[in-house]
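For reference, final-v1.cif is printed below; it contains mmCIF, C-alpha atoms and all ligand atoms.
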data_start
loop_
_atom_site.label_atom_id
_atom_site.label_comp_id
_atom_site.auth_asym_id
_atom_site.auth_seq_id
_atom_site.Cartn_x
_atom_site.Cartn_y
_atom_site.Cartn_z
CA MET A 1 162.82 -6.95 185.56
CA SER A 2 160.79 -10.17 185.69
CA THR A 3 162.97 -11.99 188.22
CA ILE A 4 162.78 -10.94 191.84
CA TYR A 5 165.82 -12.35 193.59
CA ASP A 6 165.77 -13.39 197.22
CA VAL A 7 169.04 -11.60 197.71
CA ILE A 8 171.26 -9.33 195.65
CA ILE A 9 174.83 -9.00 196.89
CA ILE A 10 176.71 -5.91 195.74
CA GLY A 11 180.47 -6.57 195.67
CA ALA A 12 182.48 -9.75 195.18
CA GLY A 13 185.24 -9.42 197.73
CA PRO A 14 185.58 -11.95 200.55
CA ALA A 15 182.43 -10.60 202.26
CA GLY A 16 180.24 -10.67 199.13
CA LEU A 17 181.47 -14.07 197.97
CA ALA A 18 181.07 -15.64 201.42
CA ALA A 19 177.53 -14.19 201.51
CA GLY A 20 176.95 -15.71 198.05
CA LEU A 21 178.16 -19.11 199.22
CA TYR A 22 175.89 -19.12 202.28
CA ALA A 23 172.88 -17.70 200.44
CA GLY A 24 173.27 -20.16 197.57
CA ARG A 25 173.68 -23.05 199.99
CA ALA A 26 170.47 -21.94 201.75
CA ARG A 27 168.76 -22.26 198.32
CA LEU A 28 168.08 -18.53 198.11
CA LYS A 29 167.85 -17.13 194.59
CA THR A 30 171.04 -15.13 194.70
CA LEU A 31 172.70 -12.61 192.41
CA ILE A 32 176.20 -11.25 193.05
CA ILE A 33 177.01 -8.02 191.19
CA GLU A 34 180.63 -6.96 190.78
CA LYS A 35 181.93 -4.26 188.46
CA GLY A 36 185.53 -5.45 188.19
CA SER A 37 187.45 -8.56 189.12
CA ASP A 38 186.63 -10.51 192.28
CA GLY A 39 188.52 -10.00 195.49
CA GLY A 40 188.52 -6.28 196.24
CA GLN A 41 191.70 -5.43 198.16
CA ILE A 42 192.66 -9.12 198.19
CA ALA A 43 192.96 -9.08 194.40
CA ILE A 44 196.06 -6.92 194.79
CA THR A 45 197.57 -8.67 197.83
CA ASP A 46 200.72 -10.61 197.03
CA GLU A 47 200.67 -13.00 199.95
CA ILE A 48 198.05 -14.02 202.49
CA GLU A 49 199.27 -16.27 205.26
CA ASN A 50 196.80 -15.53 208.04
CA TYR A 51 193.55 -16.82 206.57
CA PRO A 52 192.75 -19.91 208.64
CA GLY A 53 192.76 -23.00 206.47
CA GLY A 54 194.81 -21.24 203.80
CA MET A 55 198.01 -22.68 202.34
CA LEU A 56 200.91 -23.06 204.78
CA GLY A 57 203.63 -20.70 203.64
CA GLY A 58 201.02 -18.34 202.24
CA GLU A 59 199.40 -17.90 198.85
CA SER A 60 198.49 -14.96 196.67
CA GLY A 61 195.24 -13.04 197.16
CA PRO A 62 194.04 -13.92 193.63
CA ASP A 63 194.66 -17.65 194.28
CA LEU A 64 192.67 -17.53 197.51
CA ILE A 65 189.83 -15.55 196.00
CA LYS A 66 189.51 -17.98 193.07
CA ARG A 67 188.33 -20.60 195.57
CA PHE A 68 185.87 -18.13 197.15
CA THR A 69 184.45 -17.47 193.65
CA ALA A 70 184.27 -21.16 192.73
CA GLN A 71 182.55 -22.05 196.01
CA ALA A 72 179.86 -19.36 195.59
CA ALA A 73 179.25 -20.59 192.02
CA HIS A 74 179.15 -24.21 193.20
CA PHE A 75 176.21 -23.37 195.48
CA GLY A 76 174.30 -21.69 192.68
CA ALA A 77 174.87 -17.95 193.19
CA GLU A 78 174.33 -16.17 189.86
CA ARG A 79 176.93 -13.65 188.72
CA LEU A 80 176.67 -10.32 186.95
CA THR A 81 179.52 -8.07 185.87
CA ASP A 82 178.08 -4.58 185.87
CA ASN A 83 178.48 -1.18 187.47
CA VAL A 84 175.82 -0.30 190.03
CA GLN A 85 174.63 3.25 189.34
CA SER A 86 172.02 3.69 192.06
CA VAL A 87 169.97 1.72 194.55
CA GLU A 88 166.49 1.99 196.06
CA LEU A 89 166.69 0.25 199.41
CA THR A 90 163.78 1.58 201.41
CA GLY A 91 160.82 -0.32 199.88
CA GLU A 92 159.83 -3.94 200.43
CA ILE A 93 161.30 -4.80 197.01
CA LYS A 94 164.81 -3.36 196.67
CA LYS A 95 165.92 -2.03 193.30
CA VAL A 96 169.47 -2.04 191.97
CA HIS A 97 170.06 0.03 188.84
CA CYS A 98 173.17 -0.96 186.87
CA SER A 99 174.74 0.34 183.66
CA LYS A 100 173.27 -2.50 181.60
CA GLY A 101 170.00 -3.21 183.40
CA ASP A 102 167.85 -3.05 186.52
CA TYR A 103 167.48 -5.78 189.13
CA GLU A 104 165.07 -6.44 192.01
CA ALA A 105 165.35 -8.39 195.23
CA LYS A 106 163.63 -8.90 198.55
CA THR A 107 166.91 -8.39 200.42
CA VAL A 108 170.23 -6.76 199.62
CA ILE A 109 173.68 -7.31 201.11
CA LEU A 110 176.00 -4.33 200.70
CA ALA A 111 179.60 -5.58 200.41
CA THR A 112 181.44 -2.99 198.33
CA GLY A 113 184.39 -2.74 200.73
CA ALA A 114 186.84 0.03 201.39
CA THR A 115 190.26 1.06 200.25
CA PRO A 116 193.12 2.46 202.36
CA ARG A 117 193.49 6.21 201.94
CA PRO A 118 196.69 6.71 199.91
CA ILE A 119 199.57 8.60 201.55
CA GLY A 120 199.36 11.04 198.66
CA CYS A 121 203.06 11.25 197.75
CA GLU A 122 204.74 11.08 194.36
CA ASN A 123 205.37 7.53 192.94
CA GLU A 124 203.29 5.89 195.71
CA GLU A 125 201.45 3.49 193.42
CA GLU A 126 204.69 2.27 191.82
CA PHE A 127 205.97 0.98 195.18
CA ILE A 128 202.83 -0.73 196.51
CA GLY A 129 203.95 -4.25 197.43
CA LYS A 130 207.58 -3.19 196.90
CA GLY A 131 207.99 -1.35 200.18
CA VAL A 132 204.68 0.48 200.51
CA SER A 133 201.91 -1.25 202.44
CA TYR A 134 198.68 -0.33 204.17
CA CYS A 135 198.34 -3.46 206.30
CA ALA A 136 200.76 -4.32 209.12
CA THR A 137 198.94 -7.55 209.96
CA CYS A 138 199.45 -8.66 206.35
CA ASP A 139 202.99 -7.46 205.67
CA ALA A 140 204.91 -6.89 208.94
CA ARG A 141 206.66 -10.25 208.67
CA PHE A 142 208.30 -9.23 205.40
CA PHE A 143 210.13 -6.44 207.27
CA GLU A 144 211.76 -8.60 209.93
CA ASP A 145 214.84 -6.68 211.10
CA PHE A 146 214.36 -3.89 208.51
CA GLU A 147 213.65 -0.21 209.16
CA VAL A 148 210.07 0.86 208.60
CA TYR A 149 208.25 4.19 208.54
CA VAL A 150 204.61 4.68 209.44
CA VAL A 151 202.57 7.64 208.20
CA GLY A 152 199.74 8.90 210.42
CA GLY A 153 199.06 9.93 213.99
CA GLY A 154 195.74 8.27 214.84
CA ASP A 155 194.98 5.10 216.81
CA SER A 156 195.67 2.89 213.78
CA ALA A 157 199.06 4.41 212.97
CA VAL A 158 200.31 4.22 216.55
CA GLU A 159 198.93 0.76 217.28
CA GLU A 160 200.22 -0.61 213.99
CA ALA A 161 203.62 1.00 214.61
CA MET A 162 203.83 -0.91 217.88
CA TYR A 163 202.81 -4.12 216.12
CA LEU A 164 205.49 -3.49 213.47
CA SER A 165 208.09 -2.96 216.21
CA LYS A 166 207.83 -6.68 217.01
CA PHE A 167 209.31 -7.37 213.57
CA ALA A 168 211.26 -4.31 212.39
CA ARG A 169 214.43 -3.19 214.12
CA LYS A 170 213.32 0.46 214.06
CA VAL A 171 209.94 2.08 213.43
CA THR A 172 209.58 5.80 212.77
CA ILE A 173 206.17 7.43 212.86
CA ILE A 174 205.94 10.34 210.42
CA HIS A 175 203.14 12.67 211.48
CA ARG A 176 202.04 15.92 209.86
CA ARG A 177 201.55 17.66 213.24
CA ASN A 178 203.58 17.81 216.46
CA GLU A 179 201.10 15.86 218.55
CA LEU A 180 199.33 12.56 218.00
CA ARG A 181 195.61 12.17 217.52
CA ALA A 182 195.74 8.66 219.04
CA ALA A 183 194.21 7.98 222.47
CA LYS A 184 196.53 8.96 225.35
CA SER A 185 196.78 5.37 226.62
CA ILE A 186 197.97 4.22 223.17
CA GLN A 187 200.40 7.15 222.93
CA GLU A 188 201.94 6.29 226.32
CA LYS A 189 202.72 2.76 225.18
CA ALA A 190 204.31 4.05 221.98
CA PHE A 191 206.45 6.64 223.80
CA ALA A 192 207.66 3.87 226.13
CA ASN A 193 208.60 1.60 223.21
CA GLU A 194 212.35 1.96 222.54
CA LYS A 195 211.99 0.84 218.93
CA VAL A 196 209.38 3.49 218.08
CA HIS A 197 210.67 6.94 217.02
CA PHE A 198 208.87 10.07 215.79
CA MET A 199 209.34 12.55 212.98
CA TRP A 200 207.01 15.47 213.74
CA ASP A 201 205.51 18.12 211.44
CA THR A 202 206.52 16.02 208.48
CA VAL A 203 204.89 14.68 205.32
CA VAL A 204 206.25 12.27 202.72
CA GLN A 205 206.80 14.05 199.44
CA SER A 206 208.16 11.41 197.01
CA LEU A 207 209.36 7.79 196.85
CA HIS A 208 212.32 6.40 194.92
CA GLY A 209 214.15 3.16 194.24
CA ASP A 210 215.09 0.70 191.54
CA GLY A 211 212.33 -1.90 191.82
CA VAL A 212 212.03 -1.60 195.60
CA LEU A 213 211.61 1.37 197.91
CA SER A 214 215.10 2.54 198.88
CA SER A 215 214.77 6.30 199.43
CA MET A 216 212.17 8.96 200.04
CA VAL A 217 212.01 12.72 200.34
CA VAL A 218 210.16 14.10 203.36
CA LYS A 219 209.19 17.69 204.01
CA ASN A 220 208.99 19.59 207.29
CA VAL A 221 205.68 21.42 206.95
CA LYS A 222 206.76 24.21 209.31
CA THR A 223 210.17 25.05 207.83
CA GLY A 224 209.68 23.69 204.30
CA GLU A 225 213.00 21.83 204.66
CA LEU A 226 213.34 18.74 202.45
CA THR A 227 215.25 15.70 203.72
CA THR A 228 216.16 12.55 201.79
CA ILE A 229 215.92 9.33 203.78
CA GLU A 230 218.01 6.47 202.37
CA ALA A 231 217.75 2.77 203.15
CA ASP A 232 220.59 1.25 205.15
CA PRO A 233 222.94 -0.06 202.39
CA ASP A 234 222.95 -3.51 204.02
CA ASP A 235 219.12 -3.64 203.77
CA GLY A 236 218.74 -2.08 200.32
CA MET A 237 215.16 -1.11 201.12
CA PHE A 238 212.79 -0.01 203.87
CA GLY A 239 209.08 -0.26 204.53
CA LEU A 240 206.55 2.57 204.40
CA PHE A 241 203.15 1.90 205.94
CA GLY A 242 200.27 4.32 205.46
CA PHE A 243 197.59 4.48 208.18
CA ILE A 244 195.75 7.69 207.48
CA GLY A 245 192.26 6.24 207.38
CA PHE A 246 190.20 4.27 204.86
CA LEU A 247 187.85 5.32 202.13
CA PRO A 248 184.76 3.10 202.26
CA PHE A 249 182.87 2.60 198.99
CA THR A 250 179.51 3.71 200.35
CA SER A 251 178.53 6.81 198.37
CA LEU A 252 175.85 4.76 196.53
CA TYR A 253 173.93 4.27 199.77
CA GLU A 254 174.12 7.81 201.14
CA GLY A 255 170.82 9.23 202.33
CA GLN A 256 169.28 5.75 202.72
CA VAL A 257 171.48 3.72 205.06
CA GLU A 258 172.73 5.03 208.41
CA MET A 259 176.46 5.79 208.34
CA GLN A 260 179.19 7.01 210.68
CA ASN A 261 182.15 8.79 209.07
CA GLY A 262 181.21 7.18 205.75
CA TYR A 263 181.03 3.63 207.18
CA ILE A 264 177.71 1.74 207.39
CA VAL A 265 176.40 1.19 210.89
CA THR A 266 175.17 -2.36 211.58
CA ASP A 267 174.24 -4.41 214.60
CA PRO A 268 176.35 -7.53 215.33
CA ASP A 269 174.09 -9.49 212.95
CA MET A 270 174.85 -7.15 210.00
CA HIS A 271 171.40 -5.48 209.96
CA THR A 272 171.47 -1.90 208.78
CA ASN A 273 168.78 0.56 209.82
CA LEU A 274 166.67 -0.61 206.82
CA PRO A 275 164.62 -3.86 206.94
CA GLY A 276 166.00 -6.42 204.49
CA VAL A 277 169.25 -4.50 203.95
CA PHE A 278 172.46 -5.93 205.39
CA ALA A 279 176.09 -4.81 205.20
CA ALA A 280 179.16 -7.02 205.36
CA GLY A 281 182.91 -6.46 205.27
CA ASP A 282 185.20 -3.46 205.34
CA LEU A 283 182.50 -0.89 204.52
CA ARG A 284 180.86 -1.25 207.94
CA VAL A 285 181.87 0.21 211.31
CA LYS A 286 184.07 -2.48 212.90
CA SER A 287 187.37 -2.96 214.69
CA LEU A 288 189.28 -5.44 212.48
CA ARG A 289 189.26 -5.35 208.70
CA GLN A 290 190.66 -8.69 207.50
CA VAL A 291 189.63 -11.45 205.06
CA ILE A 292 188.45 -13.62 207.93
CA THR A 293 186.23 -10.92 209.44
CA ALA A 294 184.84 -9.98 206.01
CA ALA A 295 184.00 -13.62 205.26
CA ALA A 296 182.37 -14.03 208.67
CA ASP A 297 180.29 -10.89 208.09
CA GLY A 298 179.16 -12.26 204.73
CA ALA A 299 178.06 -15.57 206.24
CA ILE A 300 176.11 -13.83 209.00
CA ALA A 301 174.48 -11.39 206.57
CA ALA A 302 173.31 -14.21 204.29
CA MET A 303 171.84 -16.20 207.18
CA GLN A 304 170.09 -13.09 208.49
CA ALA A 305 168.71 -12.46 204.99
CA GLU A 306 167.29 -15.99 205.06
CA HIS A 307 165.68 -15.37 208.49
CA TYR A 308 164.20 -12.12 207.19
CA LEU A 309 162.73 -13.91 204.14
CA ASN A 310 161.28 -16.68 206.34
CA GLN A 311 159.50 -14.11 208.45
P1 LIG B 401 192.06 8.67 212.14
O1 LIG B 401 191.74 8.60 213.59
O2 LIG B 401 191.16 9.42 211.25
O3 LIG B 401 193.54 9.24 212.03
C1 LIG B 401 194.10 9.49 210.80
C2 LIG B 401 195.49 10.06 211.03
O4 LIG B 401 196.07 10.25 209.76
C3 LIG B 401 195.47 11.40 211.75
O5 LIG B 401 196.54 11.48 212.66
C4 LIG B 401 195.63 12.40 210.62
O6 LIG B 401 196.38 13.54 210.97
C5 LIG B 401 196.47 11.62 209.63
N1 LIG B 401 196.18 12.04 208.27
C6 LIG B 401 194.96 12.11 207.64
N2 LIG B 401 195.12 12.50 206.37
C7 LIG B 401 196.45 12.66 206.19
C8 LIG B 401 197.23 13.03 205.07
N3 LIG B 401 196.68 13.32 203.90
N4 LIG B 401 198.59 13.09 205.23
C9 LIG B 401 199.16 12.79 206.41
N5 LIG B 401 198.47 12.42 207.51
C10 LIG B 401 197.13 12.36 207.39
O7 LIG B 401 192.15 7.21 211.46
P2 LIG B 401 192.55 5.81 212.12
O8 LIG B 401 193.73 5.94 212.98
O9 LIG B 401 192.58 4.84 210.97
O10 LIG B 401 191.30 5.46 213.02
C11 LIG B 401 189.98 5.41 212.44
C12 LIG B 401 188.98 5.19 213.56
O11 LIG B 401 189.17 3.89 214.12
C13 LIG B 401 189.14 6.20 214.68
O12 LIG B 401 187.88 6.49 215.20
C14 LIG B 401 189.94 5.44 215.71
O13 LIG B 401 189.71 5.90 217.04
C15 LIG B 401 189.42 4.02 215.51
N6 LIG B 401 190.44 3.05 215.91
C16 LIG B 401 190.40 2.65 217.19
C17 LIG B 401 191.36 1.76 217.66
C18 LIG B 401 191.29 1.35 219.09
O14 LIG B 401 190.46 1.86 219.80
N7 LIG B 401 192.16 0.49 219.54
C19 LIG B 401 192.34 1.27 216.80
C20 LIG B 401 192.35 1.72 215.48
C21 LIG B 401 191.39 2.62 215.05
P3 LIG B 401 195.77 14.66 211.95
O15 LIG B 401 195.83 14.07 213.32
O16 LIG B 401 196.68 15.81 211.74
O17 LIG B 401 194.37 14.93 211.46
#

What would the structure in this file look like if it were written as structure tokens?
Amino acid sequence: MSTIYDVIIIGAGPAGLAAGLYAGRARLKTLIIEKGSDGGQIAITDEIENYPGGMLGGESGPDLIKRFTAQAAHFGAERLTDNVQSVELTGEIKKVHCSKGDYEAKTVILATGATPRPIGCENEEEFIGKGVSYCATCDARFFEDFEVYVVGGGDSAVEEAMYLSKFARKVTIIHRRNELRAAKSIQEKAFANEKVHFMWDTVVQSLHGDGVLSSMVVKNVKTGELTTIEADPDDGMFGLFGFIGFLPFTSLYEGQVEMQNGYIVTDPDMHTNLPGVFAAGDLRVKSLRQVITAAADGAIAAMQAEHYLNQ
């Protein structure tokens, strides 16, 4: 543990890599630690068309993230592929214990992201990107004039259902209870939207289709009745969007960093409650989880790390 880095960034999604770019460019001795491949959720996104400056007509998540990775490397951020086992964030020198070694830094940027909570039905994984999605902003356009179903009853589900109704010809919210959790003002707008329909007391049991999602079995939780929903034959498929919350990857930091419902609490400049510890991207409490907001968080966190070091 002879090297003490200026900043260790945990996670190489858009937030971590943008932080790496800015930290490297500020001549901070920077180490980015990632256990798998770069990109986080973006690594499994087929098409991104809303990242400003991206390719017109869209490009794949892996293609976009390759440039994030190259840019961070270009500005001198060191890379380590390893699994972080535990962290000590409270002292002046922060310690990051990985499977293959231990690392020290004066500041740490937490950028391990979050993952959408799966719907929890049979065959769900098989149809991700083939009908199943967890991001209306990313995928609504692909369901122009199709039928789509939305699982959930919170603010996200109802707001995203209304967003989807601008593209799809019919949107049905499938909710496990007979009343929504969403704020009343949001509910009122959804009830007034002619394209938005509701399937109450219902959960999705299994998904089916030959390559794309074309039928699903839903269950009424009160009566136990099973119903098969088939795609309109002219469409051949339908969309199924899950909005039942996210699972942030924050268990490593529990007991040290302040959290709210598992998300890290920061101020607008990405400071956590601990001096020298910053958080960036989907793992923090925020209103919009997108590549652009993750990248912006990363840039801010790196610049704040530099200010902290200068002090
Ligand atoms: P949420 O409020 O936790 O709602 C999750 C919804 O998914 C609930 O309706 C829940 O049902 C349902 N659910 C959970 N697990 C399920 C399962 N296994 N199967 C089926 N349904 C399941 O999550 P969210 O809507 O993503 O919102 C997260 C936070 O962000 C909330 O605090 C919300 O207020 C906030 N938010 C705010 C806005 C806004 O203010 N405009 C927009 C989006 C999000 P039950 O109701 O039965 O528990």

Subject >> One-decimal distance in Å that lies between atom CA of Ala231 of chain A and atom CA of Gly209 of chain A >> reply: 9.6 Å

Find the residues around Pro268 of chain A up to 10 Å (only C-alpha atoms counted), leave out those fewer than 4 positions away in its own chain, and share them as an mmCIF file with C-alpha atoms, in the frame of the given file.
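Final file, result-v4.cif:
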data_model
loop_
_atom_site.group_PDB
_atom_site.id
_atom_site.type_symbol
_atom_site.label_atom_id
_atom_site.label_comp_id
_atom_site.auth_asym_id
_atom_site.auth_seq_id
_atom_site.Cartn_x
_atom_site.Cartn_y
_atom_site.Cartn_z
ATOM 1 C CA THR A 272 171.470 -1.900 208.780
ATOM 2 C CA LYS A 286 184.070 -2.480 212.900
ATOM 3 C CA ASP A 297 180.290 -10.890 208.090
ATOM 4 C CA ILE A 300 176.110 -13.830 209.000
ATOM 5 C CA ALA A 301 174.480 -11.390 206.570
#

Here's a test: counting all atoms listed in the file, identify every protein, DNA and RNA residue with an atom at most 12 Å from (192.2, -10.8, 192.3) in the file's coordinate frame, and state them as a tab-separated table (two decimals) with C-alpha atoms, in the frame of the given file.
chain	number	residue	atom	x	y	z
A	12	ALA	CA	182.48	-9.75	195.18
A	13	GLY	CA	185.24	-9.42	197.73
A	14	PRO	CA	185.58	-11.95	200.55
A	36	GLY	CA	185.53	-5.45	188.19
A	37	SER	CA	187.45	-8.56	189.12
A	38	ASP	CA	186.63	-10.51	192.28
A	39	GLY	CA	188.52	-10.00	195.49
A	40	GLY	CA	188.52	-6.28	196.24
A	41	GLN	CA	191.70	-5.43	198.16
A	42	ILE	CA	192.66	-9.12	198.19
A	43	ALA	CA	192.96	-9.08	194.40
A	44	ILE	CA	196.06	-6.92	194.79
A	45	THR	CA	197.57	-8.67	197.83
A	46	ASP	CA	200.72	-10.61	197.03
A	47	GLU	CA	200.67	-13.00	199.95
A	60	SER	CA	198.49	-14.96	196.67
A	61	GLY	CA	195.24	-13.04	197.16
A	62	PRO	CA	194.04	-13.92	193.63
A	63	ASP	CA	194.66	-17.65	194.28
A	64	LEU	CA	192.67	-17.53	197.51
A	65	ILE	CA	189.83	-15.55	196.00
A	66	LYS	CA	189.51	-17.98	193.07
A	67	ARG	CA	188.33	-20.60	195.57
A	68	PHE	CA	185.87	-18.13	197.15
A	69	THR	CA	184.45	-17.47	193.65

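Using all atoms listed in the file as the basis for the distance check, residues found within 7 Å of ligand LIG 401 (chain B) are Ile119, Gly120, Val151, Gly152, Gly153, Gly154, Asp155, Ser156, Ala157, Glu159, His175, Arg176, Arg177, Leu180, Arg181, Ala182, Val203, Phe243, Ile244, Gly245, Phe246 and Ser287 of chain A.
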
Original post:
What does the distance between atom CA of Val87 of chain A and atom CA of Gly262 of chain A come to in Å, to one decimal place?
Top reply: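 For atom CA of Val87 of chain A relative to atom CA of Gly262 of chain A, the distance reads 16.8 Å.
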
Subject >> Distance criterion (all atoms listed in the file): nearest to Ile8 of chain A out of A:Asp267, A:Asp201, A:Glu104, A:Glu49 >> reply: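 Nearest to Ile8 of chain A: A:Glu104.
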
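Distances to Glu147 of chain A were evaluated for A:Met303, A:Ala105, A:Val212, A:Met237 using only C-alpha atoms, and the minimum falls at A:Met237.
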
**OP:** For Lys219 of chain A, list every protein, DNA or RNA residue within 10 Å, evaluated using only C-alpha atoms, and leave out those in the same chain fewer than 3 positions away; present the list as a list in words.
**Re:** Arg176, Asp201, Thr202, Val203, Val204, Gln205, Ser206, Lys222, Thr223, Gly224, Glu225, Leu226, Thr227 and Thr228 of chain A

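Atom CA of Glu59 of chain A lies 13.3 Å from atom CA of Val291 of chain A.
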
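Every polymer residue reaching to within 8 Å of (168.7, -11.6, 197.8), counting all atoms listed in the file, appears in this list: Tyr5, Asp6, Val7, Ile8, Ile9, Ala23, Leu28, Lys29, Thr30, Leu31, Ala105, Lys106, Thr107, Val108, Ile109 and Ala305 of chain A.
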
Store the residues picked out above in a file with C-alpha atoms, as a compact mmCIF listing (two decimals), in the coordinates of the input.
# COMPACT_ATOMS: atom_id res chain seq x y z
CA TYR A 5 165.82 -12.35 193.59
CA ASP A 6 165.77 -13.39 197.22
CA VAL A 7 169.04 -11.60 197.71
CA ILE A 8 171.26 -9.33 195.65
CA ILE A 9 174.83 -9.00 196.89
CA ALA A 23 172.88 -17.70 200.44
CA LEU A 28 168.08 -18.53 198.11
CA LYS A 29 167.85 -17.13 194.59
CA THR A 30 171.04 -15.13 194.70
CA LEU A 31 172.70 -12.61 192.41
CA ALA A 105 165.35 -8.39 195.23
CA LYS A 106 163.63 -8.90 198.55
CA THR A 107 166.91 -8.39 200.42
CA VAL A 108 170.23 -6.76 199.62
CA ILE A 109 173.68 -7.31 201.11
CA ALA A 305 168.71 -12.46 204.99

Original post:
Given the choices A:Glu92, A:Glu144, A:Asp82, A:Asp232, which gets closest to Arg169 of chain A if the distance is worked out from only C-alpha atoms?
Top reply: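 Among the listed residues, A:Glu144 lies closest to Arg169 of chain A.
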
**OP:** Could you check which of A:Cys98, A:Val277, A:Leu110, A:Val285 is closest to Asn261 of chain A, using all atoms listed in the file?
**Re:**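 For Asn261 of chain A, the nearest of the given residues is A:Val285.
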
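Among the candidate residues A:Arg141, A:Lys170, A:His97, A:His208, the one lying nearest to Gly57 of chain A is A:Arg141, with distances computed using all atoms listed in the file.
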
Original post:
Which of these, A:Tyr263, A:Val196, A:Gly255, A:Leu288, has the shortest distance to Thr90 of chain A once you count all atoms listed in the file?
Top reply: A:Gly255

Original post:
Do you know which residues are at most 8 Å from Gly76 of chain A counting only C-alpha atoms, after dropping those on the same chain fewer than 5 positions away, and could you put them as a ChimeraX atom specification?
Top reply: /A:24-25,27,30
